[in-house]
file upload.csv (CSV, C-alpha atoms and all ligand atoms)
chain,number,residue,atom,x,y,z
G,23,MET,CA,105.7,89.6,122.2
G,24,THR,CA,104.7,92.8,120.5
G,25,LYS,CA,102.5,95.1,122.6
G,26,LEU,CA,99.0,96.0,121.5
G,27,SER,CA,99.0,99.5,120.2
G,28,PRO,CA,96.5,102.0,121.7
G,29,HIS,CA,96.2,103.8,118.4
G,30,ILE,CA,93.2,103.1,116.2
G,31,LEU,CA,95.2,103.9,113.1
G,32,VAL,CA,97.8,101.3,113.9
G,33,GLN,CA,95.2,98.8,114.8
G,34,ALA,CA,93.4,99.2,111.5
G,35,LEU,CA,96.7,98.9,109.6
G,36,LEU,CA,97.3,95.6,111.4
G,37,LEU,CA,93.7,94.4,110.7
G,38,GLN,CA,92.7,94.4,114.3
G,39,PRO,CA,89.1,95.3,115.1
G,40,THR,CA,88.6,99.1,115.6
G,41,VAL,CA,85.7,101.1,117.0
G,42,TYR,CA,85.5,103.1,113.8
G,43,THR,CA,87.4,103.6,110.5
G,44,PRO,CA,90.4,105.8,111.2
G,45,ILE,CA,91.2,108.7,108.9
G,46,TRP,CA,94.2,110.9,108.1
G,47,LEU,CA,94.8,112.9,104.9
G,48,MET,CA,97.8,113.1,102.7
G,49,ARG,CA,99.1,116.7,102.8
G,50,GLN,CA,96.9,117.3,105.9
G,51,ALA,CA,99.4,120.1,106.9
G,52,GLY,CA,99.8,122.5,104.0
G,53,ARG,CA,98.6,125.5,102.0
G,54,TYR,CA,94.9,125.0,102.4
G,55,LEU,CA,95.4,126.0,106.1
G,56,PRO,CA,95.7,129.8,106.8
G,57,GLU,CA,97.9,129.1,109.8
G,58,TYR,CA,100.3,127.2,107.6
G,59,ARG,CA,100.5,130.0,105.0
G,60,LYS,CA,101.2,132.5,107.8
G,61,LEU,CA,104.0,130.4,109.3
G,62,ARG,CA,105.5,129.8,105.9
G,63,ALA,CA,105.5,133.5,105.2
G,64,GLU,CA,107.2,134.2,108.5
G,65,ALA,CA,109.8,131.4,107.8
G,66,GLY,CA,110.5,132.8,104.4
G,67,SER,CA,110.1,129.5,102.5
G,68,PHE,CA,108.8,125.9,102.5
G,69,LEU,CA,112.3,124.5,102.9
G,70,ASN,CA,113.0,126.8,105.9
G,71,LEU,CA,109.9,125.2,107.5
G,72,CYS,CA,111.1,121.7,106.8
G,73,LYS,CA,114.7,122.3,108.0
G,74,ASN,CA,113.7,124.0,111.3
G,75,PRO,CA,112.6,121.2,113.7
G,76,GLU,CA,110.6,123.7,115.9
G,77,LEU,CA,108.6,125.1,113.0
G,78,ALA,CA,108.2,121.7,111.3
G,79,THR,CA,106.8,120.4,114.6
G,80,GLU,CA,104.3,123.2,114.8
G,81,VAL,CA,103.2,122.6,111.2
G,82,THR,CA,102.9,118.9,111.8
G,83,LEU,CA,100.5,119.6,114.7
G,84,GLN,CA,98.4,122.4,113.0
G,85,PRO,CA,95.8,120.1,111.4
G,86,LEU,CA,95.5,118.1,114.7
G,87,LYS,CA,94.4,121.2,116.5
G,88,ARG,CA,91.5,121.7,114.1
G,89,PHE,CA,90.4,118.2,113.1
G,90,ASN,CA,89.8,114.9,114.9
G,91,LEU,CA,92.3,113.1,112.7
G,92,ASP,CA,93.6,109.7,113.8
G,93,GLY,CA,97.3,110.3,113.1
G,94,ALA,CA,100.0,112.9,112.5
G,95,ILE,CA,102.3,112.9,109.5
G,96,LEU,CA,105.8,114.3,109.7
G,97,PHE,CA,106.0,117.6,108.0
G,98,SER,CA,108.8,117.3,105.5
G,99,ASP,CA,109.2,116.4,101.9
G,100,ILE,CA,110.3,113.4,99.9
G,101,LEU,CA,112.9,115.5,98.1
G,102,VAL,CA,115.0,116.2,101.2
G,103,ILE,CA,116.9,112.9,100.3
G,104,PRO,CA,118.2,114.1,96.9
G,105,ASP,CA,118.8,117.5,98.5
G,106,ALA,CA,121.1,115.9,101.1
G,107,MET,CA,122.8,114.0,98.3
G,108,GLY,CA,123.9,117.4,96.9
G,109,LEU,CA,121.4,118.1,94.2
G,110,ASP,CA,120.3,121.3,96.0
G,111,LEU,CA,116.5,121.6,96.2
G,112,TYR,CA,114.6,124.8,95.7
G,113,PHE,CA,111.0,125.7,95.0
G,114,VAL,CA,109.7,128.1,92.4
G,115,GLU,CA,106.2,129.6,93.2
G,116,ASN,CA,103.6,127.8,91.0
G,117,GLU,CA,106.2,125.6,89.4
G,118,GLY,CA,107.0,123.2,92.2
G,119,PRO,CA,110.3,121.7,93.1
G,120,LYS,CA,113.5,122.1,91.2
G,121,PHE,CA,117.1,120.8,91.5
G,122,ALA,CA,120.0,123.2,90.9
G,123,LYS,CA,122.2,120.2,90.1
G,124,PRO,CA,120.1,117.5,88.4
G,125,ILE,CA,121.6,114.2,87.3
G,126,LEU,CA,122.6,114.5,83.7
G,127,THR,CA,125.3,111.9,83.2
G,128,LEU,CA,126.4,108.5,84.3
G,129,LEU,CA,129.3,110.1,86.1
G,130,ASP,CA,126.7,112.1,88.2
G,131,ILE,CA,125.2,108.9,89.3
G,132,ASP,CA,128.7,107.4,90.2
G,133,ASN,CA,129.6,110.6,92.1
G,134,LEU,CA,126.4,110.8,94.1
G,135,ASN,CA,127.3,111.4,97.7
G,136,VAL,CA,125.5,108.8,99.8
G,137,SER,CA,128.0,108.4,102.7
G,138,ASN,CA,127.1,110.1,105.9
G,139,LEU,CA,123.8,111.0,104.5
G,140,LEU,CA,121.7,110.6,107.6
G,141,SER,CA,123.7,113.2,109.5
G,142,LYS,CA,122.6,115.7,106.9
G,143,LEU,CA,119.0,114.8,107.6
G,144,ASP,CA,119.3,115.3,111.4
G,145,TYR,CA,116.6,118.0,111.3
G,146,VAL,CA,114.1,115.3,110.2
G,147,PHE,CA,114.9,113.1,113.2
G,148,ASP,CA,114.9,116.0,115.5
G,149,THR,CA,111.4,117.0,114.3
G,150,ILE,CA,110.2,113.4,114.8
G,151,LYS,CA,111.5,113.4,118.4
G,152,ASN,CA,109.9,116.8,119.1
G,153,VAL,CA,106.5,115.8,117.6
G,154,LYS,CA,106.5,112.7,119.7
G,155,VAL,CA,107.0,114.6,122.9
G,156,LYS,CA,104.1,116.9,121.9
G,157,LEU,CA,101.8,114.0,120.9
G,158,ASN,CA,102.4,112.4,124.3
G,159,ASN,CA,101.3,109.1,122.7
G,160,GLN,CA,97.8,110.4,122.1
G,161,LEU,CA,98.1,109.8,118.4
G,162,PRO,CA,100.6,107.9,116.2
G,163,LEU,CA,103.1,109.6,114.0
G,164,ILE,CA,103.6,108.6,110.4
G,165,GLY,CA,107.1,108.9,108.9
G,166,PHE,CA,107.7,108.6,105.2
G,167,SER,CA,110.0,108.5,102.2
G,168,GLY,CA,109.5,108.8,98.5
G,169,SER,CA,110.0,105.5,96.5
G,170,PRO,CA,113.3,105.1,94.7
G,171,PHE,CA,111.6,105.4,91.3
G,172,THR,CA,109.7,108.6,92.3
G,173,LEU,CA,112.9,110.2,93.7
G,174,ALA,CA,114.8,109.2,90.6
G,175,CYS,CA,112.1,110.9,88.5
G,176,TYR,CA,112.7,114.3,90.1
G,177,MET,CA,116.5,113.8,90.1
G,178,LEU,CA,116.7,113.0,86.4
G,179,GLU,CA,114.0,115.4,85.3
G,180,GLY,CA,115.4,118.2,87.5
G,181,GLY,CA,111.9,118.9,88.8
G,182,SER,CA,108.3,118.1,88.0
G,183,SER,CA,107.5,116.7,84.6
G,184,LYS,CA,104.6,116.1,82.3
G,185,SER,CA,106.0,113.3,80.2
G,186,TYR,CA,108.9,111.8,82.2
G,187,LEU,CA,111.0,111.6,79.0
G,188,SER,CA,114.3,112.1,80.8
G,189,ILE,CA,113.9,109.2,83.1
G,190,LYS,CA,112.3,107.1,80.3
G,191,LYS,CA,115.3,107.8,78.1
G,192,TRP,CA,117.5,106.3,80.8
G,193,LEU,CA,115.0,103.5,81.4
G,194,TYR,CA,114.8,102.4,77.8
G,195,THR,CA,118.4,103.2,76.6
G,196,ASN,CA,120.5,102.7,79.7
G,197,PRO,CA,118.6,100.6,82.2
G,198,VAL,CA,121.8,99.4,83.9
G,199,ALA,CA,122.6,103.0,84.9
G,200,LEU,CA,119.1,103.6,86.1
G,201,HIS,CA,119.2,100.5,88.2
G,202,LYS,CA,122.5,101.7,89.7
G,203,LEU,CA,120.8,104.9,90.8
G,204,LEU,CA,117.7,103.0,92.1
G,205,GLU,CA,120.0,100.7,94.1
G,206,LYS,CA,121.8,103.7,95.7
G,207,LEU,CA,118.5,105.3,96.6
G,208,THR,CA,117.1,102.0,98.0
G,209,ALA,CA,120.0,101.6,100.3
G,210,VAL,CA,119.6,105.2,101.6
G,211,ILE,CA,115.8,104.9,102.0
G,212,ILE,CA,116.2,101.8,104.1
G,213,LEU,CA,118.6,103.6,106.5
G,214,TYR,CA,116.4,106.7,106.4
G,215,LEU,CA,113.1,104.9,107.3
G,216,ASN,CA,114.8,102.8,110.0
G,217,ALA,CA,116.3,106.0,111.5
G,218,GLN,CA,112.8,107.6,111.5
G,219,ILE,CA,111.4,104.6,113.3
G,220,GLU,CA,114.3,104.7,115.8
G,221,ALA,CA,113.5,108.4,116.3
G,222,GLY,CA,109.9,107.6,117.1
G,223,ALA,CA,107.8,107.1,113.9
G,224,ASP,CA,105.0,104.7,114.7
G,225,ILE,CA,104.1,103.9,111.0
G,226,VAL,CA,106.0,104.5,107.8
G,227,MET,CA,104.7,105.1,104.3
G,228,LEU,CA,106.3,104.9,100.9
G,229,PHE,CA,105.1,107.5,98.4
G,230,ASP,CA,105.5,106.1,94.9
G,231,SER,CA,103.7,109.0,93.3
G,232,TRP,CA,105.0,108.4,89.7
G,233,GLY,CA,105.1,104.6,89.5
G,234,GLY,CA,101.8,104.9,87.6
G,235,VAL,CA,103.5,106.5,84.6
G,236,LEU,CA,105.3,103.3,83.8
G,237,SER,CA,104.3,100.4,81.6
G,238,ASP,CA,103.3,97.2,83.3
G,239,ALA,CA,106.7,95.5,82.8
G,240,ALA,CA,108.7,98.6,83.7
G,241,TYR,CA,106.7,99.2,86.9
G,242,ALA,CA,107.6,95.7,88.1
G,243,GLU,CA,111.3,96.1,87.2
G,244,PHE,CA,112.0,99.7,88.1
G,245,SER,CA,109.5,100.5,90.9
G,246,LEU,CA,108.0,97.5,92.6
G,247,PHE,CA,111.2,95.5,92.8
G,248,TYR,CA,112.8,98.3,94.9
G,249,LEU,CA,109.7,98.8,97.0
G,250,GLN,CA,109.9,95.2,97.9
G,251,LYS,CA,113.5,95.5,98.9
G,252,ILE,CA,112.7,98.3,101.2
G,253,VAL,CA,109.7,96.6,102.8
G,254,ASN,CA,112.0,93.5,103.3
G,255,ASN,CA,114.5,95.6,105.1
G,256,ILE,CA,112.7,98.1,107.3
G,257,HIS,CA,111.9,97.4,111.0
G,258,LYS,CA,108.6,95.6,111.4
G,259,THR,CA,108.8,96.1,115.2
G,260,TYR,CA,110.7,98.5,117.3
G,261,GLN,CA,110.9,98.3,121.1
G,262,ASN,CA,108.2,95.7,121.1
G,263,GLN,CA,105.8,97.8,119.1
G,264,ALA,CA,104.6,96.7,115.7
G,265,ILE,CA,105.6,99.4,113.1
G,266,PRO,CA,103.2,99.0,110.1
G,267,ASN,CA,104.1,100.2,106.7
G,268,ILE,CA,102.0,101.5,103.9
G,269,VAL,CA,102.9,101.4,100.2
G,270,PHE,CA,101.2,103.9,97.9
G,271,SER,CA,101.8,103.7,94.1
G,272,LYS,CA,99.6,106.4,92.6
G,273,GLY,CA,97.8,104.7,89.6
G,274,GLY,CA,98.8,101.3,91.0
G,275,GLY,CA,95.2,100.0,91.2
G,276,VAL,CA,95.9,98.0,88.0
G,277,TRP,CA,98.8,96.2,89.7
G,278,LEU,CA,97.2,95.2,93.0
G,279,ASN,CA,97.9,91.6,92.2
G,280,GLN,CA,101.6,92.3,92.1
G,281,ILE,CA,101.7,94.9,94.9
G,282,LYS,CA,99.9,92.6,97.3
G,283,GLN,CA,102.8,90.1,97.2
G,284,ILE,CA,105.6,92.4,98.5
G,285,GLY,CA,104.7,91.9,102.2
G,286,ALA,CA,103.6,95.4,103.1
G,287,ASN,CA,101.0,95.9,105.8
G,288,ALA,CA,98.8,98.2,103.8
G,289,ILE,CA,98.3,99.4,100.2
G,290,GLY,CA,97.3,103.0,99.5
G,291,VAL,CA,95.0,103.3,96.5
G,292,ASP,CA,93.9,106.4,94.5
G,293,TRP,CA,90.3,107.1,93.6
G,294,THR,CA,90.3,105.4,90.2
G,295,ILE,CA,89.7,102.0,91.7
G,296,ASN,CA,86.6,100.9,93.6
G,297,LEU,CA,87.7,100.0,97.1
G,298,GLY,CA,85.5,96.9,97.3
G,299,VAL,CA,87.0,95.7,94.0
G,300,ALA,CA,90.5,96.4,95.5
G,301,LYS,CA,89.6,94.4,98.6
G,302,GLN,CA,88.4,91.5,96.5
G,303,ILE,CA,91.7,91.5,94.5
G,304,ILE,CA,93.9,91.5,97.5
G,305,SER,CA,91.6,88.8,99.0
G,306,THR,CA,93.6,88.5,102.2
G,307,ASN,CA,93.1,89.3,105.8
G,308,GLN,CA,96.8,90.2,106.1
G,309,LEU,CA,96.7,93.4,104.1
G,310,ALA,CA,94.9,96.7,104.9
G,311,LEU,CA,93.7,99.3,102.3
G,312,GLN,CA,94.1,103.0,102.6
G,313,GLY,CA,92.0,105.4,100.5
G,314,ASN,CA,90.4,106.6,98.4
G,315,LEU,CA,88.3,109.8,98.1
G,316,ASP,CA,89.0,112.0,95.1
G,317,PRO,CA,90.8,115.2,96.5
G,318,GLY,CA,88.9,117.1,93.8
G,319,LEU,CA,85.6,116.3,95.5
G,320,LEU,CA,87.0,117.7,98.8
G,321,ALA,CA,88.1,120.9,97.0
G,322,VAL,CA,84.9,121.6,95.0
G,323,GLY,CA,82.2,119.5,96.6
G,324,ASP,CA,79.5,120.5,99.2
G,325,LYS,CA,78.3,118.5,102.2
G,326,ILE,CA,75.7,116.5,100.2
G,327,SER,CA,78.2,115.4,97.5
G,328,ILE,CA,80.9,114.6,100.0
G,329,ARG,CA,78.5,112.6,102.2
G,330,LEU,CA,77.3,110.5,99.2
G,331,GLU,CA,80.8,109.6,98.2
G,332,VAL,CA,81.9,108.8,101.8
G,333,GLU,CA,78.9,106.5,102.2
G,334,ARG,CA,79.7,104.8,98.9
G,335,ILE,CA,83.4,104.3,99.8
G,336,LEU,CA,82.7,102.9,103.3
G,337,ALA,CA,79.9,100.6,101.9
G,338,SER,CA,82.1,99.4,99.0
G,339,TYR,CA,84.7,98.3,101.5
G,340,THR,CA,82.5,96.7,104.1
G,341,GLU,CA,80.4,94.9,101.5
G,342,ALA,CA,83.6,93.2,100.2
G,343,ASN,CA,84.7,92.6,103.7
G,344,HIS,CA,81.8,90.6,105.1
G,345,GLY,CA,80.2,93.6,106.7
G,346,SER,CA,83.2,94.7,108.6
G,347,HIS,CA,85.3,98.0,108.3
G,348,SER,CA,88.3,96.3,109.8
G,349,GLY,CA,91.5,96.9,107.7
G,350,HIS,CA,90.3,100.1,106.1
G,351,VAL,CA,92.1,103.4,106.7
G,352,PHE,CA,90.2,106.3,105.2
G,353,ASN,CA,92.3,108.8,103.2
G,354,LEU,CA,92.2,110.7,100.0
G,355,GLY,CA,93.5,109.1,96.8
G,356,HIS,CA,96.2,111.8,96.7
G,357,GLY,CA,97.2,115.0,98.6
G,358,ILE,CA,94.7,117.7,99.6
G,359,LEU,CA,94.5,120.5,97.0
G,360,PRO,CA,95.5,124.0,98.2
G,361,MET,CA,92.1,125.5,97.4
G,362,THR,CA,90.3,123.1,99.7
G,363,ASN,CA,88.0,124.7,102.3
G,364,PRO,CA,89.1,123.5,105.8
G,365,ASP,CA,85.4,123.3,106.7
G,366,ASN,CA,85.1,120.4,104.2
G,367,VAL,CA,88.0,118.7,105.9
G,368,ALA,CA,86.4,119.0,109.4
G,369,TYR,CA,83.1,117.7,107.9
G,370,LEU,CA,84.8,114.7,106.2
G,371,VAL,CA,86.8,113.6,109.3
G,372,ASP,CA,83.8,113.6,111.6
G,373,LEU,CA,81.6,112.0,109.0
G,374,VAL,CA,83.9,109.1,108.5
G,375,HIS,CA,83.9,108.4,112.2
G,376,GLU,CA,80.2,108.8,112.6
G,377,LEU,CA,79.2,106.6,109.6
G,378,SER,CA,81.7,103.9,110.3
G,379,SER,CA,80.7,103.6,114.0
G,380,GLY,CA,77.5,102.3,112.7
G,381,PHE,CA,79.1,99.3,110.9
G,382,THR,CA,80.1,96.2,112.9
G,383,ALA,CA,83.8,96.1,113.8
C,401,LIG,O1,101.3,114.7,103.8
C,401,LIG,C1,101.8,115.6,104.5
C,401,LIG,O2,101.1,116.5,105.1
C,401,LIG,C2,103.2,115.5,104.9
C,401,LIG,C3,104.1,116.4,104.3
C,401,LIG,C4,104.4,116.1,102.8
C,401,LIG,C5,104.7,117.2,101.9
C,401,LIG,N1,105.1,116.6,100.7
C,401,LIG,C6,104.7,118.6,102.2
C,401,LIG,C7,104.7,119.5,101.1
C,401,LIG,C8,104.6,114.9,102.1
C,401,LIG,C9,104.3,113.5,102.6
C,401,LIG,C10,105.0,115.2,100.8
C,401,LIG,C11,105.4,114.2,99.8
C,401,LIG,C12,105.7,114.6,98.5
C,401,LIG,N2,106.4,115.7,98.1
C,401,LIG,C13,105.4,113.8,97.3
C,401,LIG,C14,104.7,112.5,97.4
C,401,LIG,C15,103.2,112.7,97.5
C,401,LIG,C16,102.6,113.3,96.4
C,401,LIG,O3,102.0,114.4,96.5
C,401,LIG,O4,102.6,112.7,95.3
C,401,LIG,C17,105.9,114.5,96.2
C,401,LIG,C18,105.8,114.0,94.8
C,401,LIG,C19,106.6,115.6,96.7
C,401,LIG,C20,107.3,116.6,95.9
C,401,LIG,C21,106.7,118.0,96.0
C,401,LIG,N3,106.8,118.7,97.2
C,401,LIG,C22,106.0,118.6,95.1
C,401,LIG,C23,105.6,118.1,93.7
C,401,LIG,C24,105.6,119.9,95.7
C,401,LIG,C25,104.9,121.0,95.0
C,401,LIG,C26,103.4,120.7,95.1
C,401,LIG,C27,102.6,121.8,94.7
C,401,LIG,O5,101.4,121.5,94.7
C,401,LIG,O6,103.0,122.9,94.3
C,401,LIG,C28,106.1,119.9,97.0
C,401,LIG,C29,106.0,121.0,98.0
C,401,LIG,C30,105.2,120.6,99.2
C,401,LIG,N4,105.5,119.5,99.9
C,401,LIG,C31,104.3,121.4,99.9
C,401,LIG,C32,103.9,120.8,101.0
C,401,LIG,C33,103.0,121.2,102.1
C,401,LIG,C34,103.8,122.8,99.4
C,401,LIG,C35,104.9,123.8,99.7
C,401,LIG,C36,104.4,125.2,99.8
C,401,LIG,O7,104.3,125.8,98.8
C,401,LIG,O8,104.2,125.6,100.9

call {"tool": "encode", "arguments": {"input": "upload.csv", "output": "structure tokens", "more": "lines below"}}
Ligand code: CP3
result
Amino acid sequence: MTKLSPHILVQALLLQPTVYTPIWLMRQAGRYLPEYRKLRAEAGSFLNLCKNPELATEVTLQPLKRFNLDGAILFSDILVIPDAMGLDLYFVENEGPKFAKPILTLLDIDNLNVSNLLSKLDYVFDTIKNVKVKLNNQLPLIGFSGSPFTLACYMLEGGSSKSYLSIKKWLYTNPVALHKLLEKLTAVIILYLNAQIEAGADIVMLFDSWGGVLSDAAYAEFSLFYLQKIVNNIHKTYQNQAIPNIVFSKGGGVWLNQIKQIGANAIGVDWTINLGVAKQIISTNQLALQGNLDPGLLAVGDKISIRLEVERILASYTEANHGSHSGHVFNLGHGILPMTNPDNVAYLVDLVHELSSGFTA
């Protein structure tokens, strides 16, 4: 028998009744917080923060000190996996992530070092253990990984991209080689997420940030197929606790009919789809939805415009769910933008709690 979780966020992901709609925010720790910018300056770089469990713990906890969030998310990055595989990650100010040794040839894929990879990521598991001690079971901790396709994008492009033509060249002219890379990443991600759960993560999330750049058929073959494999193979319970998982394909609103079949606990959706329509498409009481405020609104909006949109999102979900907010986790449709005023975040978090308490469970 699995034990009932005391955490509202876990309850919502498992579609149990909750006293209000829980909320956490992608990139809730980050550059919009002055205390984050200060610590990053002291550490010298973003990667130094990620690789130092004490500092990464402090950053993970920073947003929880300010806001009444319902969960913590591990402070790290999806790109630490390819970094540990030997691609050497670095960040260029205003340009984002880069790899010193991107994958250029088939031989690079064959030579990828995937043995003993978890030991190179010990700093992640140490951070999780540290955070768990500090949280003292007051809030759940979300662990995460990038999806195989999204990691492959960065590994083949060498960094961020506008058109994804490097990975598309592999996809259309050498799909066998791309599948080989995606298989390797899938095997590693399963081990990595299970190790995060064993270190203490209460929830895990897969970030498929770039699945949405694919055609319909390519998404099913090169992204969703591997997400399914991961969901099939990660722990669903650990030490008698249910460990819910969340799958987020940015731009995936058009594929909800396919995504709903892979057996995840929750689907994250961006702001381009109406949440009530998403609920109707998934038409099941087995699957939660996470989302979906436009992060642009939180960055540029005022209290009136934020309130109107929060009311609309909450109502669209409950109307499609027979008047109940059960199974909805409030979030943004993508990460918080760096220019966001923390006052707007405080307002949003309390508002979601206040307004959703008024709906029936
Ligand atoms: O959500 C959280 O608070 C947890 C921490 C987290 C970060 N990155 C911290 C971060 C998570 C879950 C991620 C995931 C991530 N990283 C994704 C998937 C989600 C998404 O946003 O689509 C992707 C694609 C990455 C890769 C990545 N890392 C990019 C593209 C960038 C640059 C972003 C930018 O706006 O310049 C990063 C750096 C990064 N990851 C920062 C943070 C707080 C900013 C680093 C800094 O300059 O201090």

call {"tool": "residues_around", "arguments": {"input": "upload.csv", "residues": "G:Asn159", "least_positions_apart": "4", "cutoff": "9 Å", "atoms": "all atoms listed in the file", "output": "PyMOL selection string"}}
result
chain G and resi 28-29+154-155+163

call {"tool": "atom_distance", "arguments": {"input": "upload.csv", "atom1": "atom CA of G:Asn366", "atom2": "atom CA of G:Trp232"}}
result
27.4 Å

call {"tool": "closest_residue", "arguments": {"input": "upload.csv", "among": "G:Leu126, G:Ala65, G:Leu35, G:Met361", "to": "G:Gly290", "atoms": "all atoms listed in the file"}}
result
G:Leu35

call {"tool": "residues_around", "arguments": {"input": "upload.csv", "residues": "G:Pro124", "least_positions_apart": "4", "cutoff": "9 Å", "atoms": "all atoms listed in the file", "output": "JSON, numbers by chain"}}
result
{"G": [109, 110, 120, 130, 176, 177, 178, 179, 180, 181]}

call {"tool": "closest_residue", "arguments": {"input": "upload.csv", "among": "G:Met48, G:Ala310, G:Leu215, G:Leu140", "to": "G:Gly93", "atoms": "only C-alpha atoms"}}
result
G:Met48

call {"tool": "residues_around", "arguments": {"input": "upload.csv", "residues": "stretch 189-204 of chain G", "least_positions_apart": "5", "cutoff": "10 Å", "atoms": "only C-alpha atoms", "output": "NGL selection string"}}
result
:G and (125 or 127-132 or 134 or 169-179 or 183 or 209-210 or 235-236 or 240 or 243-245 or 247-248)

call {"tool": "write_last_selection", "arguments": {"input": "upload.csv", "atoms": "C-alpha atoms", "output": "compact mmCIF listing (two decimals), keeping the file's coordinate frame"}}
result
# COMPACT_ATOMS: atom_id res chain seq x y z
CA ILE G 125 121.60 114.20 87.30
CA THR G 127 125.30 111.90 83.20
CA LEU G 128 126.40 108.50 84.30
CA LEU G 129 129.30 110.10 86.10
CA ASP G 130 126.70 112.10 88.20
CA ILE G 131 125.20 108.90 89.30
CA ASP G 132 128.70 107.40 90.20
CA LEU G 134 126.40 110.80 94.10
CA SER G 169 110.00 105.50 96.50
CA PRO G 170 113.30 105.10 94.70
CA PHE G 171 111.60 105.40 91.30
CA THR G 172 109.70 108.60 92.30
CA LEU G 173 112.90 110.20 93.70
CA ALA G 174 114.80 109.20 90.60
CA CYS G 175 112.10 110.90 88.50
CA TYR G 176 112.70 114.30 90.10
CA MET G 177 116.50 113.80 90.10
CA LEU G 178 116.70 113.00 86.40
CA GLU G 179 114.00 115.40 85.30
CA SER G 183 107.50 116.70 84.60
CA ALA G 209 120.00 101.60 100.30
CA VAL G 210 119.60 105.20 101.60
CA VAL G 235 103.50 106.50 84.60
CA LEU G 236 105.30 103.30 83.80
CA ALA G 240 108.70 98.60 83.70
CA GLU G 243 111.30 96.10 87.20
CA PHE G 244 112.00 99.70 88.10
CA SER G 245 109.50 100.50 90.90
CA PHE G 247 111.20 95.50 92.80
CA TYR G 248 112.80 98.30 94.90

call {"tool": "closest_residue", "arguments": {"input": "upload.csv", "among": "G:Lys282, G:Lys151, G:Lys142, G:Arg59", "to": "ligand LIG 401 (chain C)", "atoms": "all atoms listed in the file"}}
result
G:Arg59

call {"tool": "residues_near_point", "arguments": {"input": "upload.csv", "point": "(108.4, 110.4, 102.9)", "cutoff": "7 Å", "atoms": "only C-alpha atoms", "output": "short mmCIF file (atom, residue, chain, number, x, y, z; two decimals) with C-alpha atoms, in the frame of the given file"}}
result
data_model
loop_
_atom_site.label_atom_id
_atom_site.label_comp_id
_atom_site.auth_asym_id
_atom_site.auth_seq_id
_atom_site.Cartn_x
_atom_site.Cartn_y
_atom_site.Cartn_z
CA ASP G 99 109.20 116.40 101.90
CA ILE G 100 110.30 113.40 99.90
CA GLY G 165 107.10 108.90 108.90
CA PHE G 166 107.70 108.60 105.20
CA SER G 167 110.00 108.50 102.20
CA GLY G 168 109.50 108.80 98.50
CA MET G 227 104.70 105.10 104.30
CA LEU G 228 106.30 104.90 100.90
CA PHE G 229 105.10 107.50 98.40
#

call {"tool": "residues_near_ligand", "arguments": {"input": "upload.csv", "ligand": "ligand LIG 401 (chain C)", "cutoff": "7 Å", "atoms": "only C-alpha atoms and all ligand atoms", "output": "list of chain:residue names"}}
result
G:Leu47, G:Met48, G:Arg49, G:Gln50, G:Ala51, G:Gly52, G:Arg53, G:Arg62, G:Phe68, G:Ile95, G:Leu96, G:Phe97, G:Ser98, G:Asp99, G:Ile100, G:Leu101, G:Asn116, G:Glu117, G:Gly118, G:Pro119, G:Phe166, G:Gly168, G:Ser182, G:Phe229, G:Asp230, G:Ser231, G:His356, G:Gly357

call {"tool": "residues_near_point", "arguments": {"input": "upload.csv", "point": "(124.1, 116.3, 100.4)", "cutoff": "10 Å", "atoms": "all atoms listed in the file", "output": "list in words"}}
result
Val102, Ile103, Pro104, Asp105, Ala106, Met107, Gly108, Leu109, Asp110, Leu134, Asn135, Val136, Ser137, Asn138, Leu139, Leu140, Ser141, Lys142 and Leu143 of chain G

call {"tool": "write_last_selection", "arguments": {"input": "upload.csv", "atoms": "C-alpha atoms", "output": "mmCIF file, keeping the file's coordinate frame"}}
result
data_model
loop_
_atom_site.group_PDB
_atom_site.id
_atom_site.type_symbol
_atom_site.label_atom_id
_atom_site.label_comp_id
_atom_site.auth_asym_id
_atom_site.auth_seq_id
_atom_site.Cartn_x
_atom_site.Cartn_y
_atom_site.Cartn_z
ATOM 1 C CA VAL G 102 115.000 116.200 101.200
ATOM 2 C CA ILE G 103 116.900 112.900 100.300
ATOM 3 C CA PRO G 104 118.200 114.100 96.900
ATOM 4 C CA ASP G 105 118.800 117.500 98.500
ATOM 5 C CA ALA G 106 121.100 115.900 101.100
ATOM 6 C CA MET G 107 122.800 114.000 98.300
ATOM 7 C CA GLY G 108 123.900 117.400 96.900
ATOM 8 C CA LEU G 109 121.400 118.100 94.200
ATOM 9 C CA ASP G 110 120.300 121.300 96.000
ATOM 10 C CA LEU G 134 126.400 110.800 94.100
ATOM 11 C CA ASN G 135 127.300 111.400 97.700
ATOM 12 C CA VAL G 136 125.500 108.800 99.800
ATOM 13 C CA SER G 137 128.000 108.400 102.700
ATOM 14 C CA ASN G 138 127.100 110.100 105.900
ATOM 15 C CA LEU G 139 123.800 111.000 104.500
ATOM 16 C CA LEU G 140 121.700 110.600 107.600
ATOM 17 C CA SER G 141 123.700 113.200 109.500
ATOM 18 C CA LYS G 142 122.600 115.700 106.900
ATOM 19 C CA LEU G 143 119.000 114.800 107.600
#

call {"tool": "atom_distance", "arguments": {"input": "upload.csv", "atom1": "atom CA of G:Gln84", "atom2": "atom CA of G:Lys156"}}
result
11.9 Å

call {"tool": "atom_distance", "arguments": {"input": "upload.csv", "atom1": "atom CA of G:Lys272", "atom2": "atom CA of G:Gly222"}}
result
26.6 Å

call {"tool": "decode", "arguments": {"input": "upload.csv", "residues": "stretch 240-247 of chain G", "atoms": "C-alpha atoms", "output": "compact mmCIF listing (two decimals), in the first residue's frame"}}
result
# COMPACT_ATOMS: atom_id res chain seq x y z
CA ALA G 240 8.53 13.26 -36.36
CA TYR G 241 7.28 14.22 -32.90
CA ALA G 242 5.77 10.76 -32.41
CA GLU G 243 8.86 8.97 -33.69
CA PHE G 244 11.70 11.07 -32.27
CA SER G 245 10.29 12.59 -29.12
CA LEU G 246 7.15 10.94 -27.74
CA PHE G 247 8.39 7.38 -28.32
